[in-house]
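Undergrad: Shown below is the structure under consideration.
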Amino acid sequence: MSQINFQRIPGLIAVYRLENDRLVEVHKNRPINVDLGKLASILKENMEIGSQEAKRLKLLDPFLGFAMIVDDIGITFIGDLLIITDARGTNWDMVIKEALRVSGQ
Amino acid sequence: MRGVHGYIKINDEGKVIESQNVENPEQWAEIITYNVKKGNEEARELGFGRMNGFAMIGKEYSLTFMKGGAYIVKTNEVNWQELFIKYTYSMTTLIAGIVLTALAILFFIIDLTPLVNSIPYVNSLAPEPRFYIPSMLIIIGVILLAASKSKFNYRLS
């Protein structure tokens with residue numbers, strides 16, 4: 001798996017990998033006040049729901065991941081890679097395309 | 001916008017108001033409405049206020065939902081930054097900037113053109129001290145024009 005170039009992404013808060021239902025820290029610029037256990041189970045659940053929805057909608061199949069903005073925080077999950085960003089300060093094109101590239105898509 | 005395939009507009013109850021180039025828009029609307037509800041629950045569970053928007057990313061096509069409108073886009077062709085975020089303009093600042101800049105240009109023309117300032121009435125329109133006033137006006141005008149383009153705003157909220 002290719003290396004992610006963190007310095008290029010503006011507004012980056014942290015990067016994690018989901019490994020065996022646990023979020024493992026890959027890179028952190030500043031602390032984020034989120035329960036990582038809860039977040040991990042939400043990511044897994046959303047991937048399952050998303051895959052089913054993508055199959056029903058056909059066009060989105062195969063489903064690779066999702067992004068959501070909660071308040072001002074961007075949560076992008078593609079493959080097993082979680083990228084947390086400042087939703088207003090980041091460049092979304094960079095975040096999503098970098099995540100796709102790193103996960104080999 | 002490049003890479004946009006289709007569009008659906010839905011109301012608060014999840015009913016389709018308008019759609020373009022989308023097969024079976026009701027099914028999309030149903031899934032979007034469910035995801036918004038689910039996303040808001042998850043946001044609260046994680047200690048946030050609300051979900052402002054989401055994207056489902058597929059290999060070829062993706063879905064983004066924003067302000068009651070959903071776009072179906074080509075994952076690799078669309079510019080995600082343009083899709084998520086937009087500039088907003090402050091109308092009052094913009095209009096004030098245009099008016100001041102236009103006035104400054106008008107005063108400069110009067111001050112600098114002998115053909116124009118030889119007409120006594122027109123000449124009396126330009127404020128004193130000459131050059132100084134329109135110079136100040138144009139500086140303020142340009143600052144207002146620059147400031148009218150506000151910071152990024154979510155397209156999604």
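In the structure tokens, the first chain shown is A, the next is B, and so on; residue numbers restart at 1 for each chain, and ligands run from 1 in the order shown.
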What parts of range 4-35 of chain B does DSSP call helix (DSSP H, G or I)? I'd like the answer as a VMD selection string.

TA: chain B and resid 25 to 35

Undergrad: How would the residues just chosen look if you wrote them out with N, CA and C atoms as a PDB file, in the first residue's frame?

TA:
ATOM      1  N   PRO B  25     -35.765   7.906  -9.132  1.00  0.00           N
ATOM      2  CA  PRO B  25     -35.353   8.897  -8.131  1.00  0.00           C
ATOM      3  C   PRO B  25     -35.962   8.659  -6.744  1.00  0.00           C
ATOM      4  N   GLU B  26     -37.163   8.038  -6.690  1.00  0.00           N
ATOM      5  CA  GLU B  26     -37.799   7.796  -5.383  1.00  0.00           C
ATOM      6  C   GLU B  26     -36.942   6.877  -4.515  1.00  0.00           C
ATOM      7  N   GLN B  27     -36.316   5.900  -5.163  1.00  0.00           N
ATOM      8  CA  GLN B  27     -35.466   4.976  -4.414  1.00  0.00           C
ATOM      9  C   GLN B  27     -34.230   5.708  -3.853  1.00  0.00           C
ATOM     10  N   TRP B  28     -33.666   6.578  -4.653  1.00  0.00           N
ATOM     11  CA  TRP B  28     -32.521   7.385  -4.189  1.00  0.00           C
ATOM     12  C   TRP B  28     -32.962   8.266  -3.018  1.00  0.00           C
ATOM     13  N   ALA B  29     -34.114   8.907  -3.170  1.00  0.00           N
ATOM     14  CA  ALA B  29     -34.613   9.823  -2.137  1.00  0.00           C
ATOM     15  C   ALA B  29     -34.826   9.088  -0.820  1.00  0.00           C
ATOM     16  N   GLU B  30     -35.362   7.876  -0.919  1.00  0.00           N
ATOM     17  CA  GLU B  30     -35.620   7.074   0.275  1.00  0.00           C
ATOM     18  C   GLU B  30     -34.301   6.768   1.006  1.00  0.00           C
ATOM     19  N   ILE B  31     -33.294   6.393   0.251  1.00  0.00           N
ATOM     20  CA  ILE B  31     -31.984   6.067   0.840  1.00  0.00           C
ATOM     21  C   ILE B  31     -31.310   7.314   1.412  1.00  0.00           C
ATOM     22  N   ILE B  32     -31.415   8.433   0.692  1.00  0.00           N
ATOM     23  CA  ILE B  32     -30.826   9.694   1.181  1.00  0.00           C
ATOM     24  C   ILE B  32     -31.477  10.099   2.507  1.00  0.00           C
ATOM     25  N   THR B  33     -32.803  10.035   2.546  1.00  0.00           N
ATOM     26  CA  THR B  33     -33.528  10.434   3.763  1.00  0.00           C
ATOM     27  C   THR B  33     -33.126   9.558   4.943  1.00  0.00           C
ATOM     28  N   TYR B  34     -32.995   8.266   4.688  1.00  0.00           N
ATOM     29  CA  TYR B  34     -32.571   7.346   5.742  1.00  0.00           C
ATOM     30  C   TYR B  34     -31.160   7.707   6.229  1.00  0.00           C
ATOM     31  N   ASN B  35     -30.266   7.981   5.284  1.00  0.00           N
ATOM     32  CA  ASN B  35     -28.876   8.298   5.645  1.00  0.00           C
ATOM     33  C   ASN B  35     -28.762   9.603   6.440  1.00  0.00           C
TER      34      ASN B  35
END

Undergrad: Which residues come within 12 Å of range 65-70 of chain B, counting only C-alpha atoms, excluding same-chain residues fewer than 5 positions away, as a PyMOL selection string?

TA: (chain A and resi 66-69) or (chain B and resi 4-22+25+28-36+39+51-57+83-86+153-157)

Undergrad: Got a sec: who's within 10 Å of Val26 in chain A, counting only C-alpha atoms, leaving out chain neighbours fewer than 6 positions off, as JSON, numbers by chain?

TA: {"A": [4, 14, 15, 16, 17, 81, 82, 83]}

Undergrad: Take the residues just selected and output them with N, CA and C atoms as a PDB file, in the first residue's frame.

TA:
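Writing the result to again_22.pdb gives the following:
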ATOM      1  N   ILE A   4       0.811   7.725   2.304  1.00  0.00           N
ATOM      2  CA  ILE A   4      -0.006   8.926   2.160  1.00  0.00           C
ATOM      3  C   ILE A   4       0.846  10.159   2.480  1.00  0.00           C
ATOM      4  N   ALA A  14      -6.205  14.282  11.777  1.00  0.00           N
ATOM      5  CA  ALA A  14      -5.594  12.994  12.111  1.00  0.00           C
ATOM      6  C   ALA A  14      -5.929  11.935  11.069  1.00  0.00           C
ATOM      7  N   VAL A  15      -5.111  10.897  11.029  1.00  0.00           N
ATOM      8  CA  VAL A  15      -5.333   9.767  10.123  1.00  0.00           C
ATOM      9  C   VAL A  15      -5.268   8.477  10.946  1.00  0.00           C
ATOM     10  N   TYR A  16      -6.221   7.596  10.706  1.00  0.00           N
ATOM     11  CA  TYR A  16      -6.245   6.302  11.395  1.00  0.00           C
ATOM     12  C   TYR A  16      -6.455   5.194  10.374  1.00  0.00           C
ATOM     13  N   ARG A  17      -6.079   3.987  10.770  1.00  0.00           N
ATOM     14  CA  ARG A  17      -6.443   2.807   9.997  1.00  0.00           C
ATOM     15  C   ARG A  17      -7.331   1.927  10.852  1.00  0.00           C
ATOM     16  N   LEU A  81      -8.959   3.280   5.621  1.00  0.00           N
ATOM     17  CA  LEU A  81      -8.293   4.521   5.999  1.00  0.00           C
ATOM     18  C   LEU A  81      -9.299   5.585   6.436  1.00  0.00           C
ATOM     19  N   LEU A  82      -9.075   6.129   7.631  1.00  0.00           N
ATOM     20  CA  LEU A  82      -9.927   7.202   8.157  1.00  0.00           C
ATOM     21  C   LEU A  82      -9.137   8.503   8.169  1.00  0.00           C
ATOM     22  N   ILE A  83      -9.665   9.524   7.486  1.00  0.00           N
ATOM     23  CA  ILE A  83      -9.002  10.826   7.470  1.00  0.00           C
ATOM     24  C   ILE A  83      -9.932  11.837   8.128  1.00  0.00           C
TER      25      ILE A  83
END

Undergrad: Specify as a list in words all residues of chain A found within 6 Å of chain B, counting only C-alpha atoms.

TA: Leu60, Asp61, Pro62, Phe63, Leu64, Gly65, Phe66, Ala67, Met68, Ile69, Val70, Asp71, Asn91, Trp92 and Asp93 of chain A

Undergrad: Nearest to Leu125 in chain B among B:Ile110, B:Ile95, B:Ile140, B:Ala147, with distances taken over only C-alpha atoms: which residue is it?

TA: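 Of the candidates, the smallest distance to Leu125 in chain B is held by B:Ile110.
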
Undergrad: What does the distance from CA of Ser90 in chain B to CA of Ala102 in chain B come to in Å, to one decimal?

TA: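 These atoms are spaced 18.3 Å apart.
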
Undergrad: Could you check how far CA of Pro31 in chain A sits from CA of Pro10 in chain A, in Å to one decimal?

TA: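 So the two atoms, CA of Pro31 in chain A and CA of Pro10 in chain A, lie 16.0 Å apart.
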